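Below: structure14.cif (mmCIF, C-alpha atoms (C1' of nucleotides))
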data_input
#
loop_
_atom_site.label_atom_id
_atom_site.label_comp_id
_atom_site.auth_asym_id
_atom_site.auth_seq_id
_atom_site.Cartn_x
_atom_site.Cartn_y
_atom_site.Cartn_z
CA MET A 1 6.22 19.86 -9.29
CA PRO A 2 6.07 21.35 -5.78
CA ASN A 3 2.75 21.29 -4.07
CA ASN A 4 2.37 25.03 -3.64
CA HIS A 5 1.84 25.31 -7.36
CA PHE A 6 -1.47 23.66 -6.82
CA SER A 7 -2.52 26.13 -4.21
CA ARG A 8 -1.63 28.82 -6.73
CA GLY A 9 -3.98 27.17 -9.18
CA GLU A 10 -6.72 27.36 -6.61
CA LEU A 11 -5.97 31.01 -6.11
CA TYR A 12 -6.24 31.54 -9.83
CA SER A 13 -9.75 30.21 -9.88
CA PHE A 14 -10.65 32.24 -6.84
CA ILE A 15 -9.71 35.40 -8.63
CA THR A 16 -11.04 34.56 -12.06
CA GLY A 17 -13.86 32.13 -11.91
CA LEU A 18 -15.63 31.88 -8.70
CA ALA A 19 -17.07 34.91 -6.98
CA SER A 20 -17.24 36.95 -10.15
CA THR A 21 -19.37 34.56 -12.17
CA ALA A 22 -21.57 33.79 -9.19
CA LEU A 23 -22.23 37.47 -8.67
CA ALA A 24 -22.95 38.14 -12.34
CA ARG A 25 -25.26 35.16 -12.48
CA ARG A 26 -27.19 36.29 -9.44
CA LEU A 27 -27.62 39.80 -10.74
CA GLN A 28 -28.83 38.40 -14.05
CA LYS A 29 -31.34 36.26 -12.21
CA ASN A 30 -32.55 39.22 -10.18
CA PHE A 31 -33.00 41.24 -13.36
CA LYS A 32 -35.02 38.47 -14.89
CA GLN A 33 -37.23 38.08 -11.83
CA GLU A 34 -38.15 41.74 -12.02
CA GLY A 35 -38.85 41.53 -15.73
CA VAL A 36 -35.74 43.47 -16.73
CA ASP A 37 -34.80 41.98 -20.06
CA ILE A 38 -31.15 42.98 -20.43
CA THR A 39 -27.91 41.14 -19.84
CA VAL A 40 -25.54 42.15 -17.06
CA GLU A 41 -23.01 43.12 -19.72
CA GLN A 42 -25.51 45.44 -21.35
CA TRP A 43 -26.28 46.82 -17.91
CA SER A 44 -22.64 47.62 -17.29
CA VAL A 45 -22.58 49.67 -20.48
CA LEU A 46 -25.76 51.51 -19.59
CA TYR A 47 -24.24 52.17 -16.18
CA HIS A 48 -21.48 54.30 -17.72
CA LEU A 49 -24.02 56.16 -19.86
CA TRP A 50 -26.10 56.98 -16.80
CA LYS A 51 -23.03 58.56 -15.31
CA GLU A 52 -22.28 60.42 -18.54
CA ASP A 53 -24.47 60.30 -21.59
CA GLY A 54 -23.18 60.64 -25.13
CA LEU A 55 -19.87 58.79 -24.74
CA SER A 56 -18.06 57.49 -27.80
CA GLN A 57 -17.67 53.77 -28.28
CA GLN A 58 -13.95 54.10 -27.65
CA GLU A 59 -14.64 55.83 -24.36
CA LEU A 60 -17.03 53.02 -23.43
CA CYS A 61 -14.24 50.56 -24.18
CA ASN A 62 -11.93 52.35 -21.76
CA ARG A 63 -14.45 52.68 -18.99
CA SER A 64 -15.91 49.20 -19.18
CA PHE A 65 -12.57 47.44 -19.80
CA ARG A 66 -13.76 45.83 -23.01
CA ASP A 67 -12.30 45.77 -26.48
CA LYS A 68 -13.82 47.46 -29.49
CA PRO A 69 -15.63 44.53 -31.07
CA SER A 70 -17.31 43.78 -27.74
CA ILE A 71 -18.61 47.30 -27.47
CA THR A 72 -19.74 47.29 -31.09
CA ARG A 73 -21.96 44.29 -30.46
CA LEU A 74 -23.18 45.43 -27.07
CA VAL A 75 -24.23 48.72 -28.62
CA ASP A 76 -25.79 46.78 -31.52
CA ASN A 77 -27.91 44.84 -29.08
CA LEU A 78 -28.76 47.86 -26.95
CA GLU A 79 -29.75 49.76 -30.05
CA ARG A 80 -31.93 46.89 -31.25
CA GLN A 81 -33.73 47.02 -27.90
CA ARG A 82 -34.11 50.79 -28.34
CA LEU A 83 -32.23 51.59 -25.16
CA VAL A 84 -29.52 53.68 -26.84
CA ARG A 85 -28.96 55.42 -30.17
CA ARG A 86 -25.78 55.86 -32.21
CA VAL A 87 -25.32 59.47 -33.27
CA SER A 88 -22.31 60.15 -35.43
CA SER A 89 -20.25 63.07 -34.25
CA ARG A 90 -20.38 66.31 -36.17
CA THR A 91 -16.79 67.20 -35.54
CA ASP A 92 -15.36 63.75 -36.30
CA ARG A 93 -17.48 61.52 -38.44
CA ARG A 94 -15.51 58.45 -37.43
CA MET A 95 -17.01 58.61 -33.98
CA ASN A 96 -20.39 57.39 -32.79
CA MET A 97 -21.70 59.15 -29.74
CA ILE A 98 -23.94 56.79 -27.79
CA HIS A 99 -27.04 58.39 -26.35
CA LEU A 100 -29.59 56.92 -23.98
CA THR A 101 -33.20 56.82 -25.09
CA GLU A 102 -36.03 57.52 -22.70
CA ALA A 103 -36.45 53.76 -22.26
CA GLY A 104 -32.74 53.46 -21.48
CA ARG A 105 -32.96 56.18 -18.85
CA GLU A 106 -35.97 54.55 -17.27
CA LEU A 107 -34.04 51.41 -16.42
CA GLN A 108 -31.63 53.24 -14.17
CA VAL A 109 -33.49 53.40 -10.88
CA LEU A 110 -34.81 49.85 -10.83
CA THR A 111 -31.65 48.14 -12.00
CA ILE A 112 -29.32 50.03 -9.72
CA THR A 113 -31.60 49.14 -6.85
CA LEU A 114 -31.38 45.51 -7.92
CA ALA A 115 -27.59 45.68 -8.21
CA ASP A 116 -27.46 47.20 -4.76
CA ARG A 117 -29.61 44.45 -3.33
CA THR A 118 -27.53 41.80 -5.08
CA LEU A 119 -24.33 43.20 -3.65
CA ASN A 120 -25.86 43.19 -0.20
CA GLU A 121 -26.67 39.51 -0.59
CA ALA A 122 -23.15 38.86 -1.87
CA LEU A 123 -21.33 40.77 0.82
CA GLU A 124 -23.36 39.66 3.80
CA GLY A 125 -21.03 38.87 6.66
CA VAL A 126 -18.10 40.76 5.16
CA SER A 127 -16.95 43.83 7.05
CA PRO A 128 -16.64 47.15 5.22
CA ALA A 129 -12.94 47.23 6.02
CA ASP A 130 -12.41 43.83 4.42
CA ILE A 131 -14.42 44.91 1.40
CA GLU A 132 -12.19 47.93 0.99
CA LEU A 133 -9.07 45.84 1.39
CA CYS A 134 -10.28 43.29 -1.12
CA LYS A 135 -11.15 46.03 -3.54
CA GLY A 136 -7.65 47.43 -3.13
CA VAL A 137 -6.10 44.04 -3.85
CA LEU A 138 -8.16 43.57 -7.00
CA GLN A 139 -7.30 47.08 -8.11
CA GLN A 140 -3.63 46.30 -7.58
CA VAL A 141 -3.96 43.09 -9.59
CA TYR A 142 -5.56 45.01 -12.38
CA ASP A 143 -2.89 47.71 -12.34
CA ASN A 144 -0.14 45.10 -12.34
CA LEU A 145 -1.50 43.51 -15.48
CA LYS A 146 -3.02 46.27 -17.50
CA MET B 1 -30.87 58.11 -6.48
CA PRO B 2 -28.36 58.43 -3.62
CA ASN B 3 -24.77 58.65 -4.61
CA ASN B 4 -23.60 55.56 -2.81
CA HIS B 5 -25.48 53.48 -5.34
CA PHE B 6 -22.86 54.50 -7.81
CA SER B 7 -20.02 53.43 -5.59
CA ARG B 8 -21.78 50.08 -5.32
CA GLY B 9 -21.82 49.88 -9.08
CA GLU B 10 -18.10 50.45 -9.11
CA LEU B 11 -17.69 47.70 -6.57
CA TYR B 12 -19.70 45.41 -8.77
CA SER B 13 -17.30 45.88 -11.64
CA PHE B 14 -14.34 45.45 -9.35
CA ILE B 15 -15.59 42.05 -8.36
CA THR B 16 -16.85 40.87 -11.71
CA GLY B 17 -15.08 42.50 -14.55
CA LEU B 18 -11.78 43.94 -13.74
CA ALA B 19 -9.06 41.90 -12.12
CA SER B 20 -10.53 38.61 -13.21
CA THR B 21 -10.58 39.27 -16.93
CA ALA B 22 -7.21 40.97 -16.84
CA LEU B 23 -5.70 37.94 -15.15
CA ALA B 24 -7.29 35.48 -17.54
CA ARG B 25 -6.19 37.55 -20.50
CA ARG B 26 -2.62 37.71 -19.27
CA LEU B 27 -2.43 33.99 -18.67
CA GLN B 28 -3.83 33.35 -22.13
CA LYS B 29 -1.21 35.62 -23.60
CA ASN B 30 1.55 33.85 -21.69
CA PHE B 31 0.29 30.49 -22.95
CA LYS B 32 0.35 31.74 -26.49
CA GLN B 33 3.84 33.17 -26.19
CA GLU B 34 5.13 29.78 -25.13
CA GLY B 35 3.29 28.03 -27.94
CA VAL B 36 0.71 26.43 -25.66
CA ASP B 37 -2.39 26.23 -27.80
CA ILE B 38 -5.18 25.86 -25.26
CA THR B 39 -7.61 28.33 -23.76
CA VAL B 40 -7.47 29.25 -20.10
CA GLU B 41 -10.85 27.59 -19.65
CA GLN B 42 -9.54 24.35 -21.08
CA TRP B 43 -6.54 24.72 -18.82
CA SER B 44 -8.73 25.01 -15.75
CA VAL B 45 -10.36 21.70 -16.64
CA LEU B 46 -7.04 19.97 -17.23
CA TYR B 47 -5.93 21.34 -13.88
CA HIS B 48 -8.53 19.28 -12.04
CA LEU B 49 -7.59 16.19 -14.04
CA TRP B 50 -3.94 16.62 -13.11
CA LYS B 51 -5.00 16.55 -9.51
CA GLU B 52 -7.21 13.52 -10.08
CA ASP B 53 -7.48 11.72 -13.38
CA GLY B 54 -10.62 9.94 -14.52
CA LEU B 55 -13.22 12.31 -13.09
CA SER B 56 -16.76 12.23 -14.42
CA GLN B 57 -18.11 15.25 -16.26
CA GLN B 58 -20.45 15.93 -13.36
CA GLU B 59 -17.52 15.97 -10.97
CA LEU B 60 -15.70 18.38 -13.27
CA CYS B 61 -18.79 20.59 -13.14
CA ASN B 62 -18.64 20.67 -9.37
CA ARG B 63 -14.94 21.31 -9.11
CA SER B 64 -14.67 23.91 -11.83
CA PHE B 65 -17.93 25.70 -10.94
CA ARG B 66 -19.37 25.30 -14.41
CA ASP B 67 -22.66 23.94 -15.63
CA LYS B 68 -23.06 20.72 -17.55
CA PRO B 69 -23.26 22.12 -21.08
CA SER B 70 -20.07 24.09 -20.51
CA ILE B 71 -18.20 20.98 -19.47
CA THR B 72 -19.64 18.99 -22.35
CA ARG B 73 -18.25 21.49 -24.82
CA LEU B 74 -14.93 21.98 -23.08
CA VAL B 75 -14.43 18.22 -23.07
CA ASP B 76 -15.47 18.15 -26.73
CA ASN B 77 -12.73 20.62 -27.56
CA LEU B 78 -10.15 18.95 -25.35
CA GLU B 79 -10.95 15.61 -26.94
CA ARG B 80 -10.64 17.08 -30.41
CA GLN B 81 -7.16 18.27 -29.46
CA ARG B 82 -6.39 14.77 -28.16
CA LEU B 83 -5.66 16.01 -24.66
CA VAL B 84 -8.33 13.89 -22.95
CA ARG B 85 -10.49 10.88 -23.75
CA ARG B 86 -14.05 10.06 -22.75
CA VAL B 87 -14.35 6.54 -21.36
CA SER B 88 -17.84 5.46 -20.44
CA SER B 89 -18.09 3.94 -16.99
CA ARG B 90 -18.57 0.19 -16.65
CA THR B 91 -20.71 0.42 -13.57
CA ASP B 92 -22.94 3.25 -14.80
CA ARG B 93 -23.11 3.66 -18.51
CA ARG B 94 -24.54 7.17 -18.24
CA MET B 95 -21.21 8.43 -16.96
CA ASN B 96 -18.16 9.46 -18.97
CA MET B 97 -14.91 9.20 -17.10
CA ILE B 98 -12.50 11.77 -18.48
CA HIS B 99 -8.93 10.55 -18.80
CA LEU B 100 -5.83 12.52 -19.71
CA THR B 101 -3.85 11.40 -22.72
CA GLU B 102 -0.07 11.48 -22.72
CA ALA B 103 -0.25 14.84 -24.54
CA GLY B 104 -2.58 16.12 -21.86
CA ARG B 105 -0.23 15.05 -19.09
CA GLU B 106 2.70 16.67 -20.82
CA LEU B 107 1.15 20.12 -20.59
CA GLN B 108 1.11 20.10 -16.81
CA VAL B 109 4.60 21.22 -15.90
CA LEU B 110 4.92 24.04 -18.41
CA THR B 111 1.46 25.50 -17.97
CA ILE B 112 1.49 25.39 -14.20
CA THR B 113 4.83 27.16 -14.28
CA LEU B 114 3.29 29.79 -16.54
CA ALA B 115 0.26 30.16 -14.26
CA ASP B 116 2.59 30.55 -11.32
CA ARG B 117 4.58 33.23 -13.09
CA THR B 118 1.41 35.02 -14.15
CA LEU B 119 0.10 35.07 -10.61
CA ASN B 120 3.41 36.45 -9.40
CA GLU B 121 3.08 39.29 -11.90
CA ALA B 122 -0.50 39.85 -10.84
CA LEU B 123 0.12 39.81 -7.12
CA GLU B 124 3.30 41.83 -7.05
CA GLY B 125 3.16 44.29 -4.20
CA VAL B 126 0.35 42.49 -2.41
CA SER B 127 1.20 40.93 0.94
CA PRO B 128 0.46 37.25 1.56
CA ALA B 129 -1.85 38.25 4.40
CA ASP B 130 -3.87 40.50 2.12
CA ILE B 131 -4.02 37.78 -0.49
CA GLU B 132 -5.42 35.40 2.08
CA LEU B 133 -7.93 37.93 3.28
CA CYS B 134 -9.04 38.73 -0.25
CA LYS B 135 -9.39 35.05 -1.00
CA GLY B 136 -11.53 34.68 2.11
CA VAL B 137 -13.79 37.52 1.02
CA LEU B 138 -14.26 36.07 -2.45
CA GLN B 139 -14.98 32.67 -0.93
CA GLN B 140 -17.58 34.27 1.30
CA VAL B 141 -19.17 36.01 -1.68
CA TYR B 142 -19.32 32.73 -3.50
CA ASP B 143 -20.85 30.94 -0.52
CA ASN B 144 -23.42 33.67 -0.06
CA LEU B 145 -24.62 33.29 -3.62
CA LYS B 146 -24.24 29.66 -4.46
"C1'" DT C 1 -41.87 -5.54 -10.93
"C1'" DC C 2 -43.34 -1.69 -13.27
"C1'" DG C 3 -43.88 3.16 -13.76
"C1'" DA C 4 -42.28 7.67 -11.95
"C1'" DA C 5 -38.65 10.38 -10.61
"C1'" DT C 6 -33.75 11.26 -10.71
"C1'" DT C 7 -29.24 11.64 -12.70
"C1'" DG C 8 -25.53 12.15 -16.38
"C1'" DG C 9 -24.82 13.99 -20.52
"C1'" DT C 10 -26.02 16.39 -25.11
"C1'" DT C 11 -28.13 19.80 -28.21
"C1'" DG C 12 -30.16 24.32 -29.66
"C1'" DC C 13 -30.40 29.13 -29.20
"C1'" DA C 14 -28.83 33.68 -27.75
"C1'" DT C 15 -25.16 36.52 -25.94
"C1'" DA C 16 -20.48 37.73 -25.21
"C1'" DA C 17 -15.29 37.41 -25.34
"C1'" DC C 18 -10.62 37.76 -28.03
"C1'" DT C 19 -7.82 38.09 -32.27
"C1'" DA C 20 -6.99 39.60 -36.69
"C1'" DA C 21 -8.08 42.00 -40.58
"C1'" DC C 22 -10.50 45.54 -42.82
"C1'" DG C 23 -12.92 50.19 -44.24
"C1'" DA C 24 -13.37 55.05 -43.54
"C1'" DT C 25 -12.10 59.32 -41.71
"C1'" DA C 26 -8.56 62.50 -39.68
"C1'" DT C 27 -4.05 64.09 -38.92
"C1'" DG C 28 0.65 65.24 -39.87
"C1'" DC C 29 4.56 65.91 -42.42
"C1'" DC C 30 6.91 67.10 -46.60
"C1'" DG D 1 -1.84 69.39 -52.01
"C1'" DG D 2 -0.73 64.52 -51.28
"C1'" DC D 3 0.80 60.47 -49.18
"C1'" DA D 4 1.86 57.91 -44.87
"C1'" DT D 5 0.11 57.08 -40.42
"C1'" DA D 6 -3.06 56.86 -36.71
"C1'" DT D 7 -7.74 56.43 -34.96
"C1'" DC D 8 -12.70 54.83 -34.76
"C1'" DG D 9 -15.57 51.47 -35.72
"C1'" DT D 10 -17.11 47.01 -38.08
"C1'" DT D 11 -16.79 42.20 -39.70
"C1'" DA D 12 -15.26 37.33 -39.55
"C1'" DG D 13 -13.98 33.28 -37.10
"C1'" DT D 14 -13.36 30.55 -32.90
"C1'" DT D 15 -14.43 29.72 -28.14
"C1'" DA D 16 -17.15 30.06 -24.02
"C1'" DT D 17 -21.38 30.88 -21.07
"C1'" DG D 18 -26.32 30.49 -19.56
"C1'" DC D 19 -30.86 28.51 -20.06
"C1'" DA D 20 -34.18 25.28 -21.57
"C1'" DA D 21 -35.35 21.14 -23.48
"C1'" DC D 22 -34.14 16.62 -24.44
"C1'" DC D 23 -32.51 11.42 -24.41
"C1'" DA D 24 -30.81 7.47 -22.06
"C1'" DA D 25 -29.66 4.91 -18.03
"C1'" DT D 26 -30.55 4.18 -13.24
"C1'" DT D 27 -33.02 4.15 -8.95
"C1'" DC D 28 -36.89 4.10 -6.00
"C1'" DG D 29 -41.38 3.19 -4.29
"C1'" DA D 30 -45.99 1.26 -4.33
#
Reformat the file's structure so that it appears as structure tokens.
Amino acid sequence: MPNNHFSRGELYSFITGLASTALARRLQKNFKQEGVDITVEQWSVLYHLWKEDGLSQQELCNRSFRDKPSITRLVDNLERQRLVRRVSSRTDRRMNMIHLTEAGRELQVLTITLADRTLNEALEGVSPADIELCKGVLQQVYDNLK
Amino acid sequence: MPNNHFSRGELYSFITGLASTALARRLQKNFKQEGVDITVEQWSVLYHLWKEDGLSQQELCNRSFRDKPSITRLVDNLERQRLVRRVSSRTDRRMNMIHLTEAGRELQVLTITLADRTLNEALEGVSPADIELCKGVLQQVYDNLK
DNA sequence: TCGAATTGGTTGCATAACTAACGATATGCC
DNA sequence: GGCATATCGTTAGTTATGCAACCAATTCGA
């Protein structure tokens, strides 16, 4: 087994396990410190609803890169916390349109500020050009695999 | 709420949710196709044992960037599949030294080949220099947060 | 040397992920 | 109209993660 396979293994964990979990963990911690009682996964769903309210669950799957069962449960939990409501579509009763509640809307400003701050901590010492390049690489990886 | 907050949100999902899960998912799929019945998380633990057998659970925590309960359960599952064994240390009976079984050792060649192939799929069209740079950025992110 | 603090590991609880299978509604074709 | 097919969402089962609390063994300091 040639040695470069091992360096590939390292690369694998760089892409999958390392920065991403650290960043998610830190954002979660920052939420908690400010008394925001949602998970980062729930936040990422709310994020898409802040951009466009009333999306279907399927559309949330596409935009958040999750499968259907994941979205079902995330919406379950968000609904239990009264941050969103399921409203079944009039034109197609199979679909649930997910709408923010007032409480859900209220989280936007604070949590996006916290996400912003967290990213600043994470990217300290990284030049904007390198950030862009890195983003491009990750996008390419995603496109190659999707 | 200034608009650049939204682009930061996008960046957040680039780092946390996008390439990393796609890559893990693809590797898992490739394992399954070849009849390798382990999860990618279990694989990442075995990976460190292939590099150095007989590590303690704590050392596996450090090297795989996981917390103690995660390693406890991963080792539980690996032990149940007879891929590793817990051997309590003679010099410090608190410690479990984790040793590969023959079955565990046998997975190395095939799975590392599969990981290699998966990374080649993932990184197609990305130059080695950009890979290095991206790796450096992710390392920096990790260091900033750890 | 004895009691406090530290370290290695486990357990409980909540959340989330994937796969597979399943209902219910819509659509399309004959 | 009626049956096959596709689409939207849910449920079940297994695995993994984080946090907090815990036990047992070890170490350290007065």
Checklist entry - So which residues get picked by the PyMOL selection byres ((chain B) within 8 of (chain C)) here, written as a ChimeraX atom specification? => result /B:58,68-69,72,94-95
Writing out the chosen residues with C-alpha atoms as an mmCIF file, in the coordinates of the input:
data_model
loop_
_atom_site.group_PDB
_atom_site.id
_atom_site.type_symbol
_atom_site.label_atom_id
_atom_site.label_comp_id
_atom_site.auth_asym_id
_atom_site.auth_seq_id
_atom_site.Cartn_x
_atom_site.Cartn_y
_atom_site.Cartn_z
ATOM 1 C CA GLN B 58 -20.450 15.930 -13.360
ATOM 2 C CA LYS B 68 -23.060 20.720 -17.550
ATOM 3 C CA PRO B 69 -23.260 22.120 -21.080
ATOM 4 C CA THR B 72 -19.640 18.990 -22.350
ATOM 5 C CA ARG B 94 -24.540 7.170 -18.240
ATOM 6 C CA MET B 95 -21.210 8.430 -16.960
#
Checklist entry - Quick one: which residues end up in the PyMOL selection byres ((chain D) within 10 of (chain A)) for this structure, as an MDAnalysis selection string? => result chainID D and resid 7:11 17:18
For C-alpha atoms (C1' of nucleotides), I'd like the residues from the last selection saved as a JSON list (two decimals), in the frame of the given file.
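Saved result, selection-v3.json, follows:
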[["chain", "number", "residue", "atom", "x", "y", "z"],
["D", 7, "DT", "C1'", -7.74, 56.43, -34.96],
["D", 8, "DC", "C1'", -12.70, 54.83, -34.76],
["D", 9, "DG", "C1'", -15.57, 51.47, -35.72],
["D", 10, "DT", "C1'", -17.11, 47.01, -38.08],
["D", 11, "DT", "C1'", -16.79, 42.20, -39.70],
["D", 17, "DT", "C1'", -21.38, 30.88, -21.07],
["D", 18, "DG", "C1'", -26.32, 30.49, -19.56]]
Using the chain letters and residue numbers of this document, give as a short mmCIF file (atom, residue, chain, number, x, y, z; two decimals) with C-alpha atoms, in the coordinates of the input the residues selected by the PyMOL selection byres ((chain A) within 7 of (chain B)).
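The resulting file, part-v7.cif, is shown below:
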data_model
loop_
_atom_site.label_atom_id
_atom_site.label_comp_id
_atom_site.auth_asym_id
_atom_site.auth_seq_id
_atom_site.Cartn_x
_atom_site.Cartn_y
_atom_site.Cartn_z
CA MET A 1 6.22 19.86 -9.29
CA HIS A 5 1.84 25.31 -7.36
CA ARG A 8 -1.63 28.82 -6.73
CA PHE A 14 -10.65 32.24 -6.84
CA ILE A 15 -9.71 35.40 -8.63
CA THR A 16 -11.04 34.56 -12.06
CA LEU A 18 -15.63 31.88 -8.70
CA ALA A 19 -17.07 34.91 -6.98
CA SER A 20 -17.24 36.95 -10.15
CA THR A 21 -19.37 34.56 -12.17
CA ALA A 22 -21.57 33.79 -9.19
CA LEU A 23 -22.23 37.47 -8.67
CA ALA A 24 -22.95 38.14 -12.34
CA VAL A 109 -33.49 53.40 -10.88
CA ILE A 112 -29.32 50.03 -9.72
CA ASP A 116 -27.46 47.20 -4.76
CA GLU A 121 -26.67 39.51 -0.59
CA ALA A 122 -23.15 38.86 -1.87
CA LEU A 123 -21.33 40.77 0.82
CA VAL A 126 -18.10 40.76 5.16
CA CYS A 134 -10.28 43.29 -1.12
CA LYS A 135 -11.15 46.03 -3.54
CA VAL A 137 -6.10 44.04 -3.85
CA LEU A 138 -8.16 43.57 -7.00
CA GLN A 139 -7.30 47.08 -8.11
CA VAL A 141 -3.96 43.09 -9.59
CA TYR A 142 -5.56 45.01 -12.38
CA ASN A 144 -0.14 45.10 -12.34
CA LEU A 145 -1.50 43.51 -15.48
CA LYS A 146 -3.02 46.27 -17.50
#
Item to check | Straight-line distance linking atom CA of A:Ile38 with atom CA of A:Arg80, stated in Å to one decimal | outcome: 11.5 Å
Item to check | One-decimal distance in Å that lies between atom CA of B:Asn62 and atom CA of B:Leu83 | outcome: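 Atom-to-atom, atom CA of B:Leu83 and atom CA of B:Asn62 are spaced 20.6 Å apart.
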Provide stretch 55-75 of chain B of the preceding structure as a file containing N, CA and C atoms, as a PDB file, in the first residue's frame.
ATOM      1  N   LEU B  55      -3.876   1.813  19.979  1.00  0.00           N
ATOM      2  CA  LEU B  55      -4.077   3.135  20.572  1.00  0.00           C
ATOM      3  C   LEU B  55      -5.116   3.051  21.690  1.00  0.00           C
ATOM      4  N   SER B  56      -5.012   3.973  22.636  1.00  0.00           N
ATOM      5  CA  SER B  56      -6.053   4.075  23.660  1.00  0.00           C
ATOM      6  C   SER B  56      -7.254   4.816  23.074  1.00  0.00           C
ATOM      7  N   GLN B  57      -8.388   4.709  23.751  1.00  0.00           N
ATOM      8  CA  GLN B  57      -9.571   5.410  23.261  1.00  0.00           C
ATOM      9  C   GLN B  57      -9.338   6.913  23.277  1.00  0.00           C
ATOM     10  N   GLN B  58      -8.663   7.390  24.313  1.00  0.00           N
ATOM     11  CA  GLN B  58      -8.380   8.819  24.403  1.00  0.00           C
ATOM     12  C   GLN B  58      -7.563   9.283  23.196  1.00  0.00           C
ATOM     13  N   GLU B  59      -6.574   8.472  22.834  1.00  0.00           N
ATOM     14  CA  GLU B  59      -5.738   8.825  21.700  1.00  0.00           C
ATOM     15  C   GLU B  59      -6.560   8.812  20.406  1.00  0.00           C
ATOM     16  N   LEU B  60      -7.486   7.890  20.305  1.00  0.00           N
ATOM     17  CA  LEU B  60      -8.380   7.885  19.140  1.00  0.00           C
ATOM     18  C   LEU B  60      -9.262   9.126  19.113  1.00  0.00           C
ATOM     19  N   CYS B  61      -9.664   9.585  20.297  1.00  0.00           N
ATOM     20  CA  CYS B  61     -10.404  10.856  20.366  1.00  0.00           C
ATOM     21  C   CYS B  61      -9.578  11.976  19.751  1.00  0.00           C
ATOM     22  N   ASN B  62      -8.344  12.085  20.205  1.00  0.00           N
ATOM     23  CA  ASN B  62      -7.491  13.170  19.725  1.00  0.00           C
ATOM     24  C   ASN B  62      -7.290  13.106  18.218  1.00  0.00           C
ATOM     25  N   ARG B  63      -6.994  11.919  17.730  1.00  0.00           N
ATOM     26  CA  ARG B  63      -6.626  11.817  16.325  1.00  0.00           C
ATOM     27  C   ARG B  63      -7.822  11.915  15.390  1.00  0.00           C
ATOM     28  N   SER B  64      -8.982  11.493  15.869  1.00  0.00           N
ATOM     29  CA  SER B  64     -10.135  11.518  14.965  1.00  0.00           C
ATOM     30  C   SER B  64     -11.050  12.704  15.261  1.00  0.00           C
ATOM     31  N   PHE B  65     -10.628  13.589  16.178  1.00  0.00           N
ATOM     32  CA  PHE B  65     -11.382  14.804  16.481  1.00  0.00           C
ATOM     33  C   PHE B  65     -12.807  14.498  16.930  1.00  0.00           C
ATOM     34  N   ARG B  66     -12.924  13.461  17.759  1.00  0.00           N
ATOM     35  CA  ARG B  66     -14.236  13.138  18.316  1.00  0.00           C
ATOM     36  C   ARG B  66     -14.170  13.202  19.833  1.00  0.00           C
ATOM     37  N   ASP B  67     -15.341  13.258  20.459  1.00  0.00           N
ATOM     38  CA  ASP B  67     -15.322  13.264  21.916  1.00  0.00           C
ATOM     39  C   ASP B  67     -15.354  11.834  22.448  1.00  0.00           C
ATOM     40  N   LYS B  68     -15.225  11.695  23.737  1.00  0.00           N
ATOM     41  CA  LYS B  68     -15.079  10.371  24.328  1.00  0.00           C
ATOM     42  C   LYS B  68     -16.299   9.478  24.125  1.00  0.00           C
ATOM     43  N   PRO B  69     -17.504   9.976  24.363  1.00  0.00           N
ATOM     44  CA  PRO B  69     -18.655   9.096  24.133  1.00  0.00           C
ATOM     45  C   PRO B  69     -18.739   8.583  22.697  1.00  0.00           C
ATOM     46  N   SER B  70     -18.398   9.433  21.738  1.00  0.00           N
ATOM     47  CA  SER B  70     -18.449   8.985  20.348  1.00  0.00           C
ATOM     48  C   SER B  70     -17.520   7.809  20.115  1.00  0.00           C
ATOM     49  N   ILE B  71     -16.311   7.926  20.660  1.00  0.00           N
ATOM     50  CA  ILE B  71     -15.345   6.836  20.473  1.00  0.00           C
ATOM     51  C   ILE B  71     -15.801   5.588  21.222  1.00  0.00           C
ATOM     52  N   THR B  72     -16.317   5.765  22.416  1.00  0.00           N
ATOM     53  CA  THR B  72     -16.835   4.603  23.145  1.00  0.00           C
ATOM     54  C   THR B  72     -17.815   3.817  22.282  1.00  0.00           C
ATOM     55  N   ARG B  73     -18.746   4.542  21.670  1.00  0.00           N
ATOM     56  CA  ARG B  73     -19.783   3.837  20.903  1.00  0.00           C
ATOM     57  C   ARG B  73     -19.251   3.293  19.589  1.00  0.00           C
ATOM     58  N   LEU B  74     -18.365   4.032  18.947  1.00  0.00           N
ATOM     59  CA  LEU B  74     -17.790   3.500  17.710  1.00  0.00           C
ATOM     60  C   LEU B  74     -17.004   2.231  17.998  1.00  0.00           C
ATOM     61  N   VAL B  75     -16.245   2.236  19.094  1.00  0.00           N
ATOM     62  CA  VAL B  75     -15.492   1.030  19.450  1.00  0.00           C
ATOM     63  C   VAL B  75     -16.454  -0.098  19.823  1.00  0.00           C
TER      64      VAL B  75
END
